[in-house]
file structure25.cif (mmCIF, C-alpha atoms and all ligand atoms)
data_upload
#
loop_
_atom_site.group_PDB
_atom_site.id
_atom_site.type_symbol
_atom_site.label_atom_id
_atom_site.label_comp_id
_atom_site.auth_asym_id
_atom_site.auth_seq_id
_atom_site.Cartn_x
_atom_site.Cartn_y
_atom_site.Cartn_z
ATOM 1 C CA MET A 1 13.640 39.738 -7.281
ATOM 2 C CA ASN A 2 15.443 36.499 -6.517
ATOM 3 C CA ILE A 3 14.877 33.167 -8.282
ATOM 4 C CA GLY A 4 12.229 32.020 -5.821
ATOM 5 C CA GLN A 5 10.251 35.250 -6.125
ATOM 6 C CA LYS A 6 10.390 35.233 -9.926
ATOM 7 C CA LEU A 7 9.272 31.622 -9.996
ATOM 8 C CA GLN A 8 6.320 32.270 -7.681
ATOM 9 C CA LYS A 9 5.255 35.303 -9.671
ATOM 10 C CA ILE A 10 5.213 33.317 -12.914
ATOM 11 C CA ARG A 11 3.437 30.351 -11.361
ATOM 12 C CA LYS A 12 0.732 32.630 -9.944
ATOM 13 C CA SER A 13 0.190 34.161 -13.376
ATOM 14 C CA LEU A 14 -0.443 30.825 -15.096
ATOM 15 C CA PRO A 15 -4.050 29.802 -15.722
ATOM 16 C CA GLU A 16 -5.390 26.611 -14.164
ATOM 17 C CA GLY A 17 -4.298 23.696 -16.312
ATOM 18 C CA THR A 18 -0.961 25.224 -17.335
ATOM 19 C CA ARG A 19 2.134 23.901 -15.554
ATOM 20 C CA LEU A 20 5.631 25.302 -15.410
ATOM 21 C CA VAL A 21 8.735 23.525 -16.686
ATOM 22 C CA ALA A 22 11.625 25.494 -15.173
ATOM 23 C CA VAL A 23 14.345 25.518 -17.834
ATOM 24 C CA SER A 24 17.603 25.241 -15.912
ATOM 25 C CA LYS A 25 20.097 24.612 -18.738
ATOM 26 C CA PHE A 26 23.404 26.406 -18.163
ATOM 27 C CA HIS A 27 22.368 27.242 -14.591
ATOM 28 C CA PRO A 28 24.133 25.549 -11.662
ATOM 29 C CA ALA A 29 22.678 23.097 -9.153
ATOM 30 C CA ASP A 30 22.433 25.674 -6.368
ATOM 31 C CA GLU A 31 20.130 27.825 -8.518
ATOM 32 C CA ILE A 32 18.006 24.771 -9.276
ATOM 33 C CA MET A 33 17.794 24.185 -5.516
ATOM 34 C CA GLU A 34 16.436 27.709 -5.030
ATOM 35 C CA ALA A 35 13.563 26.823 -7.345
ATOM 36 C CA TYR A 36 13.201 23.405 -5.710
ATOM 37 C CA ALA A 37 12.844 25.080 -2.326
ATOM 38 C CA GLU A 38 9.780 26.882 -3.704
ATOM 39 C CA GLY A 39 8.205 23.538 -4.563
ATOM 40 C CA GLN A 40 9.230 23.370 -8.227
ATOM 41 C CA ARG A 41 9.781 19.736 -9.267
ATOM 42 C CA THR A 42 9.772 19.786 -13.071
ATOM 43 C CA PHE A 43 12.927 21.029 -14.757
ATOM 44 C CA GLY A 44 13.906 21.237 -18.417
ATOM 45 C CA GLU A 45 17.397 20.640 -19.765
ATOM 46 C CA SER A 46 18.682 20.306 -23.299
ATOM 47 C CA HIS A 47 22.158 18.784 -23.039
ATOM 48 C CA GLU A 48 22.843 15.200 -22.087
ATOM 49 C CA GLN A 49 26.307 15.948 -20.708
ATOM 50 C CA GLU A 50 24.974 18.623 -18.419
ATOM 51 C CA LEU A 51 22.291 16.273 -17.099
ATOM 52 C CA ARG A 52 24.929 13.640 -16.471
ATOM 53 C CA VAL A 53 26.497 15.960 -13.896
ATOM 54 C CA LYS A 54 23.363 17.524 -12.456
ATOM 55 C CA VAL A 55 21.015 14.583 -12.010
ATOM 56 C CA PRO A 56 23.139 12.647 -9.467
ATOM 57 C CA ALA A 57 23.757 15.858 -7.518
ATOM 58 C CA LEU A 58 20.103 16.840 -7.144
ATOM 59 C CA PRO A 59 17.034 15.437 -5.346
ATOM 60 C CA LYS A 60 15.546 12.233 -6.728
ATOM 61 C CA ASP A 61 12.001 13.544 -6.885
ATOM 62 C CA ILE A 62 12.827 16.025 -9.647
ATOM 63 C CA GLU A 63 11.141 15.218 -12.954
ATOM 64 C CA TRP A 64 13.520 15.951 -15.790
ATOM 65 C CA HIS A 65 12.235 16.955 -19.207
ATOM 66 C CA PHE A 66 14.615 16.815 -22.134
ATOM 67 C CA ILE A 67 13.518 19.844 -24.145
ATOM 68 C CA GLY A 68 16.191 20.307 -26.808
ATOM 69 C CA HIS A 69 17.102 18.509 -29.978
ATOM 70 C CA LEU A 70 18.133 14.993 -28.960
ATOM 71 C CA GLN A 71 20.601 13.002 -31.021
ATOM 72 C CA THR A 72 19.739 9.336 -31.413
ATOM 73 C CA ASN A 73 23.108 8.232 -30.035
ATOM 74 C CA LYS A 74 22.466 10.104 -26.751
ATOM 75 C CA VAL A 75 19.168 8.433 -25.935
ATOM 76 C CA LYS A 76 20.788 5.531 -24.095
ATOM 77 C CA TYR A 77 22.353 7.887 -21.556
ATOM 78 C CA ILE A 78 19.135 9.592 -20.500
ATOM 79 C CA ALA A 79 16.754 6.627 -20.852
ATOM 80 C CA PRO A 80 17.317 5.334 -17.272
ATOM 81 C CA TYR A 81 15.901 8.476 -15.622
ATOM 82 C CA ILE A 82 14.318 10.948 -18.057
ATOM 83 C CA ASN A 83 10.656 11.624 -17.335
ATOM 84 C CA MET A 84 9.728 13.186 -20.644
ATOM 85 C CA VAL A 85 11.433 13.764 -23.978
ATOM 86 C CA GLU A 86 9.628 16.844 -25.245
ATOM 87 C CA ALA A 87 11.092 17.282 -28.660
ATOM 88 C CA VAL A 88 10.732 14.053 -30.614
ATOM 89 C CA ASP A 89 11.265 15.243 -34.153
ATOM 90 C CA SER A 90 11.552 12.019 -36.164
ATOM 91 C CA PRO A 91 10.243 8.438 -36.268
ATOM 92 C CA LYS A 92 13.843 7.286 -35.940
ATOM 93 C CA LEU A 93 14.268 9.093 -32.615
ATOM 94 C CA LEU A 94 10.989 7.715 -31.302
ATOM 95 C CA ARG A 95 12.052 4.173 -32.214
ATOM 96 C CA GLU A 96 15.341 4.622 -30.409
ATOM 97 C CA ILE A 97 13.641 5.979 -27.283
ATOM 98 C CA ASN A 98 11.330 2.955 -27.292
ATOM 99 C CA LYS A 99 14.262 0.602 -27.727
ATOM 100 C CA GLN A 100 16.251 2.117 -24.870
ATOM 101 C CA ALA A 101 13.159 2.272 -22.663
ATOM 102 C CA VAL A 102 12.677 -1.468 -23.213
ATOM 103 C CA ARG A 103 16.281 -2.046 -22.139
ATOM 104 C CA CYS A 104 15.679 -0.069 -18.950
ATOM 105 C CA GLY A 105 12.292 -1.624 -18.272
ATOM 106 C CA ARG A 106 10.698 1.829 -18.286
ATOM 107 C CA VAL A 107 7.965 3.709 -20.085
ATOM 108 C CA ILE A 108 9.166 7.112 -21.272
ATOM 109 C CA ASN A 109 6.749 9.978 -21.862
ATOM 110 C CA VAL A 110 7.269 11.877 -25.102
ATOM 111 C CA LEU A 111 5.839 14.805 -27.021
ATOM 112 C CA LEU A 112 6.014 15.100 -30.793
ATOM 113 C CA GLU A 113 7.642 18.348 -31.849
ATOM 114 C CA LEU A 114 5.877 20.292 -34.579
ATOM 115 C CA HIS A 115 7.665 22.563 -37.001
ATOM 116 C CA ILE A 116 5.298 25.445 -37.582
ATOM 117 C CA ALA A 117 7.600 28.448 -37.201
ATOM 118 C CA GLU A 118 8.759 30.111 -40.370
ATOM 119 C CA GLU A 119 12.409 29.763 -39.415
ATOM 120 C CA ALA A 120 14.302 27.102 -41.308
ATOM 121 C CA THR A 121 16.506 26.421 -38.276
ATOM 122 C CA LYS A 122 13.812 24.853 -36.117
ATOM 123 C CA TYR A 123 13.435 21.086 -35.834
ATOM 124 C CA GLY A 124 10.232 19.105 -35.830
ATOM 125 C CA PHE A 125 7.586 17.368 -37.899
ATOM 126 C CA THR A 126 5.695 19.484 -40.390
ATOM 127 C CA LEU A 127 1.965 19.015 -39.912
ATOM 128 C CA ASP A 128 1.845 16.778 -42.981
ATOM 129 C CA ALA A 129 4.799 14.692 -41.827
ATOM 130 C CA CYS A 130 3.207 14.321 -38.405
ATOM 131 C CA ARG A 131 -0.111 13.209 -39.946
ATOM 132 C CA ASP A 132 1.733 10.737 -42.171
ATOM 133 C CA PHE A 133 3.606 9.281 -39.236
ATOM 134 C CA LEU A 134 0.542 8.981 -37.019
ATOM 135 C CA GLU A 135 -1.334 7.411 -39.926
ATOM 136 C CA THR A 136 1.219 4.576 -40.159
ATOM 137 C CA GLY A 137 0.141 3.423 -36.699
ATOM 138 C CA GLU A 138 3.701 2.228 -36.100
ATOM 139 C CA TRP A 139 3.766 4.090 -32.787
ATOM 140 C CA ARG A 140 0.899 1.967 -31.466
ATOM 141 C CA GLU A 141 3.313 -0.986 -31.317
ATOM 142 C CA MET A 142 5.854 0.893 -29.222
ATOM 143 C CA ALA A 143 4.847 -0.232 -25.762
ATOM 144 C CA ASN A 144 7.608 1.637 -23.897
ATOM 145 C CA VAL A 145 6.896 5.146 -25.102
ATOM 146 C CA LYS A 146 3.788 7.068 -24.225
ATOM 147 C CA ILE A 147 2.906 9.890 -26.613
ATOM 148 C CA CYS A 148 1.529 12.532 -24.244
ATOM 149 C CA GLY A 149 0.964 15.378 -26.692
ATOM 150 C CA LEU A 150 2.672 17.981 -28.827
ATOM 151 C CA MET A 151 5.428 20.536 -28.412
ATOM 152 C CA MET A 152 6.449 23.508 -30.548
ATOM 153 C CA MET A 153 8.574 26.652 -30.548
ATOM 154 C CA ALA A 154 7.089 29.735 -32.141
ATOM 155 C CA SER A 155 9.161 31.989 -34.410
ATOM 156 C CA LEU A 156 11.598 34.289 -32.697
ATOM 157 C CA THR A 157 9.891 37.562 -33.611
ATOM 158 C CA ASP A 158 8.370 40.676 -32.052
ATOM 159 C CA ASP A 159 5.275 40.126 -34.161
ATOM 160 C CA THR A 160 2.886 38.834 -31.505
ATOM 161 C CA SER A 161 0.153 38.160 -34.032
ATOM 162 C CA GLN A 162 2.471 35.767 -35.856
ATOM 163 C CA ILE A 163 3.360 33.996 -32.601
ATOM 164 C CA ARG A 164 -0.320 33.702 -31.758
ATOM 165 C CA ARG A 165 -1.124 32.374 -35.227
ATOM 166 C CA GLU A 166 1.559 29.693 -34.935
ATOM 167 C CA MET A 167 0.432 28.608 -31.479
ATOM 168 C CA GLU A 168 -3.197 28.481 -32.569
ATOM 169 C CA THR A 169 -2.178 26.330 -35.529
ATOM 170 C CA ALA A 170 -0.505 23.953 -33.081
ATOM 171 C CA ALA A 171 -3.564 23.919 -30.791
ATOM 172 C CA ASP A 172 -5.875 23.190 -33.731
ATOM 173 C CA PHE A 173 -3.579 20.398 -34.879
ATOM 174 C CA PHE A 174 -3.683 18.966 -31.351
ATOM 175 C CA ASP A 175 -7.489 18.729 -31.628
ATOM 176 C CA GLU A 176 -7.216 17.059 -35.000
ATOM 177 C CA ALA A 177 -4.650 14.512 -33.792
ATOM 178 C CA LYS A 178 -6.607 13.859 -30.604
ATOM 179 C CA ALA A 179 -9.807 13.163 -32.535
ATOM 180 C CA ARG A 180 -8.205 11.074 -35.265
ATOM 181 C CA TYR A 181 -5.586 9.056 -33.416
ATOM 182 C CA PHE A 182 -5.772 9.527 -29.666
ATOM 183 C CA ALA A 183 -9.473 9.656 -28.861
ATOM 184 C CA ASP A 184 -9.043 6.625 -26.594
ATOM 185 C CA CYS A 185 -5.743 7.818 -25.048
ATOM 186 C CA PRO A 186 -6.374 10.076 -22.040
ATOM 187 C CA GLU A 187 -2.620 10.550 -21.644
ATOM 188 C CA PHE A 188 -2.519 12.493 -24.922
ATOM 189 C CA CYS A 189 -3.284 15.796 -23.227
ATOM 190 C CA GLU A 190 -0.176 18.018 -23.270
ATOM 191 C CA ARG A 191 0.439 21.112 -25.377
ATOM 192 C CA SER A 192 3.942 22.426 -24.695
ATOM 193 C CA TRP A 193 4.431 25.936 -26.011
ATOM 194 C CA GLY A 194 5.542 29.202 -24.491
ATOM 195 C CA MET A 195 8.974 30.417 -23.329
ATOM 196 C CA SER A 196 10.089 33.498 -21.368
ATOM 197 C CA ASP A 197 9.126 35.950 -24.102
ATOM 198 C CA ASP A 198 5.900 34.405 -25.311
ATOM 199 C CA TYR A 199 4.378 32.317 -22.516
ATOM 200 C CA GLU A 200 1.590 34.820 -21.888
ATOM 201 C CA ILE A 201 0.418 34.332 -25.472
ATOM 202 C CA ALA A 202 0.870 30.566 -25.094
ATOM 203 C CA CYS A 203 -1.434 30.553 -22.076
ATOM 204 C CA GLN A 204 -4.124 32.129 -24.262
ATOM 205 C CA CYS A 205 -3.486 29.458 -26.899
ATOM 206 C CA ARG A 206 -4.267 26.509 -24.607
ATOM 207 C CA SER A 207 -0.728 25.618 -23.579
ATOM 208 C CA THR A 208 -0.578 23.056 -20.757
ATOM 209 C CA LEU A 209 3.209 23.258 -20.286
ATOM 210 C CA VAL A 210 5.264 26.432 -20.496
ATOM 211 C CA ARG A 211 9.043 26.078 -20.638
ATOM 212 C CA ILE A 212 10.573 29.107 -18.948
ATOM 213 C CA GLY A 213 14.253 29.704 -18.263
ATOM 214 C CA THR A 214 15.512 33.278 -18.548
ATOM 215 C CA ALA A 215 12.542 34.871 -16.772
ATOM 216 C CA ILE A 216 13.305 32.729 -13.707
ATOM 217 C CA PHE A 217 17.070 32.208 -13.653
ATOM 218 C CA GLY A 218 18.265 35.228 -15.635
ATOM 219 C CA PRO A 219 20.363 35.183 -18.797
ATOM 220 C CA ARG A 220 22.388 32.064 -19.588
ATOM 221 C CA VAL A 221 26.162 32.302 -19.794
ATOM 222 C CA TYR A 222 27.215 29.893 -22.524
HETATM 223 C C1 LIG B 1 16.120 27.160 -23.721
HETATM 224 C C2 LIG B 1 14.758 26.705 -24.099
HETATM 225 C C3 LIG B 1 13.605 27.250 -23.498
HETATM 226 C C4 LIG B 1 13.645 28.385 -22.479
HETATM 227 O O1 LIG B 1 13.924 29.592 -23.096
HETATM 228 P P1 LIG B 1 13.838 30.984 -22.280
HETATM 229 O O2 LIG B 1 13.708 31.990 -23.341
HETATM 230 O O3 LIG B 1 15.085 31.095 -21.506
HETATM 231 O O4 LIG B 1 12.629 30.917 -21.400
HETATM 232 C C5 LIG B 1 12.379 26.726 -23.847
HETATM 233 N N1 LIG B 1 12.265 25.726 -24.758
HETATM 234 C C6 LIG B 1 13.344 25.185 -25.361
HETATM 235 C C7 LIG B 1 13.158 24.106 -26.349
HETATM 236 C C8 LIG B 1 14.610 25.670 -25.059
HETATM 237 O O5 LIG B 1 15.671 25.125 -25.675
#
call {"tool": "encode", "arguments": {"input": "structure25.cif", "output": "structure tokens"}}
result
Amino acid sequence: MNIGQKLQKIRKSLPEGTRLVAVSKFHPADEIMEAYAEGQRTFGESHEQELRVKVPALPKDIEWHFIGHLQTNKVKYIAPYINMVEAVDSPKLLREINKQAVRCGRVINVLLELHIAEEATKYGFTLDACRDFLETGEWREMANVKICGLMMMASLTDDTSQIRREMETAADFFDEAKARYFADCPEFCERSWGMSDDYEIACQCRSTLVRIGTAIFGPRVY
């Protein structure tokens, strides 16, 4: 199957209410255009320098999601065009995104990244740290960022019951956060979990955004 066929097959398999973020990192512009030709408009990238080259070369109606770990000092480069920063993993990063969004006269959509996986290598707020941060209410004063929901990466494991458990923990935490802090914010509605190897589980765990790269574009050559 070619890129377009793989993309269509995945999109058809997603339940209503789950959208695809096509993860194009390390794949060239012409492969992105194959997905674009099938109507795909939301793409995920995780390196600022790669975006710097790709964004000017590709159609303006693409919505770019920054999905990787973002260093504070890189925010200023992506702030003029990024549609969503999916992996906000600290109050400091959120403050910087707000600051740069003010400078650009934009409102930037963000997701808070949760650290639920058992791996020590993953970034994100623990559930307690996320509660503590939301409790401060500081984010309510940040007029140029819109917190649209939560993002997480499950453990890299073959144990599907563990993956499911982690995603269900994230979905339950979403309900808690929605009820406690975002009851009057309709934009707080996104649950971003699921990648090539676990998106089918994610769809059963109420994911609204799946971030899929390899299953569409093939393996990345780093
Ligand atoms: C690379 C990446 C993905 C896509 O991974 P695949 O296994 O290729 O689908 C999803 N989410 C994040 C945060 C990534 O960095």
call {"tool": "closest_atom_pairs", "arguments": {"input": "structure25.cif", "of": "chain A", "to": "ligand LIG 1 (chain B)", "cutoff": "8 Å", "atoms": "all atoms listed in the file", "output": "JSON lines"}}
result
{"residue": "A:Val23", "atom": "CA", "partner": "B:LIG1", "partner_atom": "C4", "distance": 5.5}
{"residue": "A:Lys25", "atom": "CA", "partner": "B:LIG1", "partner_atom": "C1", "distance": 6.9}
{"residue": "A:Gly44", "atom": "CA", "partner": "B:LIG1", "partner_atom": "C5", "distance": 7.9}
{"residue": "A:Glu45", "atom": "CA", "partner": "B:LIG1", "partner_atom": "O5", "distance": 7.6}
{"residue": "A:Ser46", "atom": "CA", "partner": "B:LIG1", "partner_atom": "O5", "distance": 6.2}
{"residue": "A:Ile67", "atom": "CA", "partner": "B:LIG1", "partner_atom": "C7", "distance": 4.8}
{"residue": "A:Gly68", "atom": "CA", "partner": "B:LIG1", "partner_atom": "C7", "distance": 4.9}
{"residue": "A:His69", "atom": "CA", "partner": "B:LIG1", "partner_atom": "C7", "distance": 7.7}
{"residue": "A:Ala87", "atom": "CA", "partner": "B:LIG1", "partner_atom": "C7", "distance": 7.5}
{"residue": "A:Met152", "atom": "CA", "partner": "B:LIG1", "partner_atom": "C7", "distance": 7.9}
{"residue": "A:Met153", "atom": "CA", "partner": "B:LIG1", "partner_atom": "C7", "distance": 6.7}
{"residue": "A:Trp193", "atom": "CA", "partner": "B:LIG1", "partner_atom": "N1", "distance": 7.9}
{"residue": "A:Gly194", "atom": "CA", "partner": "B:LIG1", "partner_atom": "C5", "distance": 7.3}
{"residue": "A:Met195", "atom": "CA", "partner": "B:LIG1", "partner_atom": "O4", "distance": 4.2}
{"residue": "A:Ser196", "atom": "CA", "partner": "B:LIG1", "partner_atom": "O4", "distance": 3.6}
{"residue": "A:Asp197", "atom": "CA", "partner": "B:LIG1", "partner_atom": "O2", "distance": 6.1}
{"residue": "A:Val210", "atom": "CA", "partner": "B:LIG1", "partner_atom": "C5", "distance": 7.9}
{"residue": "A:Arg211", "atom": "CA", "partner": "B:LIG1", "partner_atom": "C5", "distance": 4.7}
{"residue": "A:Ile212", "atom": "CA", "partner": "B:LIG1", "partner_atom": "O4", "distance": 3.7}
{"residue": "A:Gly213", "atom": "CA", "partner": "B:LIG1", "partner_atom": "O3", "distance": 3.6}
{"residue": "A:Thr214", "atom": "CA", "partner": "B:LIG1", "partner_atom": "O3", "distance": 3.7}
{"residue": "A:Ala215", "atom": "CA", "partner": "B:LIG1", "partner_atom": "O4", "distance": 6.1}
{"residue": "A:Ile216", "atom": "CA", "partner": "B:LIG1", "partner_atom": "O4", "distance": 7.9}
{"residue": "A:Gly218", "atom": "CA", "partner": "B:LIG1", "partner_atom": "O3", "distance": 7.9}
{"residue": "A:Pro219", "atom": "CA", "partner": "B:LIG1", "partner_atom": "O3", "distance": 7.2}
{"residue": "A:Arg220", "atom": "CA", "partner": "B:LIG1", "partner_atom": "O3", "distance": 7.6}
call {"tool": "closest_residue", "arguments": {"input": "structure25.cif", "among": "A:Glu86, A:Glu96, A:Lys122, A:Tyr199", "to": "A:Gly149", "atoms": "only C-alpha atoms"}}
result
A:Glu86
call {"tool": "closest_residue", "arguments": {"input": "structure25.cif", "among": "A:Ala101, A:Ile32, A:Leu20, A:Leu134", "to": "A:Asn83", "atoms": "only C-alpha atoms"}}
result
A:Ala101
call {"tool": "closest_residue", "arguments": {"input": "structure25.cif", "among": "A:Val53, A:Arg19, A:Glu138, A:Asp159", "to": "A:Arg191", "atoms": "all atoms listed in the file"}}
result
A:Arg19
call {"tool": "residues_around", "arguments": {"input": "structure25.cif", "residues": "A:Gln162", "least_positions_apart": "5", "cutoff": "12 Å", "atoms": "only C-alpha atoms", "output": "PyMOL selection string"}}
result
chain A and resi 116-118+154-157+167-169+198+201
call {"tool": "write_last_selection", "arguments": {"input": "structure25.cif", "atoms": "C-alpha atoms", "output": "short mmCIF file (atom, residue, chain, number, x, y, z; two decimals), in the frame of the given file"}}
result
data_model
loop_
_atom_site.label_atom_id
_atom_site.label_comp_id
_atom_site.auth_asym_id
_atom_site.auth_seq_id
_atom_site.Cartn_x
_atom_site.Cartn_y
_atom_site.Cartn_z
CA ILE A 116 5.30 25.44 -37.58
CA ALA A 117 7.60 28.45 -37.20
CA GLU A 118 8.76 30.11 -40.37
CA ALA A 154 7.09 29.74 -32.14
CA SER A 155 9.16 31.99 -34.41
CA LEU A 156 11.60 34.29 -32.70
CA THR A 157 9.89 37.56 -33.61
CA MET A 167 0.43 28.61 -31.48
CA GLU A 168 -3.20 28.48 -32.57
CA THR A 169 -2.18 26.33 -35.53
CA ASP A 198 5.90 34.40 -25.31
CA ILE A 201 0.42 34.33 -25.47
#
call {"tool": "closest_residue", "arguments": {"input": "structure25.cif", "among": "A:Lys74, A:Arg106, A:Lys178, A:His27", "to": "A:Leu93", "atoms": "all atoms listed in the file"}}
result
A:Lys74
call {"tool": "resolve_selection", "arguments": {"input": "structure25.cif", "expression": "the PyMOL selection byres (((chain A and resi 77-79) around 7) and not hetatm)", "output": "PDB file with C-alpha atoms, in the frame of the given file"}}
result
ATOM      1  CA  GLU A  48      22.843  15.200 -22.087  1.00  0.00           C
ATOM      2  CA  LYS A  74      22.466  10.104 -26.751  1.00  0.00           C
ATOM      3  CA  VAL A  75      19.168   8.433 -25.935  1.00  0.00           C
ATOM      4  CA  LYS A  76      20.788   5.531 -24.095  1.00  0.00           C
ATOM      5  CA  PRO A  80      17.317   5.334 -17.272  1.00  0.00           C
ATOM      6  CA  TYR A  81      15.901   8.476 -15.622  1.00  0.00           C
ATOM      7  CA  ILE A  82      14.318  10.948 -18.057  1.00  0.00           C
ATOM      8  CA  GLN A 100      16.251   2.117 -24.870  1.00  0.00           C
ATOM      9  CA  ALA A 101      13.159   2.272 -22.663  1.00  0.00           C
TER      10      ALA A 101
END
call {"tool": "axis_aligned_box", "arguments": {"input": "structure25.cif", "around": "stretch 180-189 of chain A", "padding_each_side": "8 Å", "output": "lines of an AutoDock Vina configuration file"}}
result
center_x = -6.0
center_y = 11.2
center_z = -28.5
size_x = 23.0
size_y = 25.2
size_z = 29.6
call {"tool": "atom_distance", "arguments": {"input": "structure25.cif", "atom1": "atom CA of A:Glu16", "atom2": "atom CA of A:Thr208"}}
result
8.9 Å
call {"tool": "atom_distance", "arguments": {"input": "structure25.cif", "atom1": "atom CA of A:Met142", "atom2": "atom CA of A:Phe174"}}
result
20.5 Å
call {"tool": "closest_residue", "arguments": {"input": "structure25.cif", "among": "A:Met84, A:Cys104, A:Lys12, A:Glu119", "to": "A:Cys148", "atoms": "all atoms listed in the file"}}
result
A:Met84
call {"tool": "closest_residue", "arguments": {"input": "structure25.cif", "among": "A:Ser207, A:Thr160, A:Ser90, A:Gln40", "to": "A:Leu7", "atoms": "all atoms listed in the file"}}
result
A:Gln40
call {"tool": "atom_distance", "arguments": {"input": "structure25.cif", "atom1": "atom CA of A:Asp158", "atom2": "atom CA of A:Ala202"}}
result
14.4 Å
call {"tool": "resolve_selection", "arguments": {"input": "structure25.cif", "expression": "the PyMOL selection byres (((chain A and resi 55-63) around 8) and not hetatm)", "output": "ChimeraX atom specification"}}
result
/A:29,33,41-43,51-54,64-65,82-83
call {"tool": "residues_around", "arguments": {"input": "structure25.cif", "residues": "A:Asp132", "least_positions_apart": "4", "cutoff": "12 Å", "atoms": "all atoms listed in the file", "output": "list in words"}}
result
Ser90, Pro91, Phe125, Thr126, Leu127, Asp128, Thr136, Gly137, Glu138, Trp139, Ala177 and Tyr181 of chain A
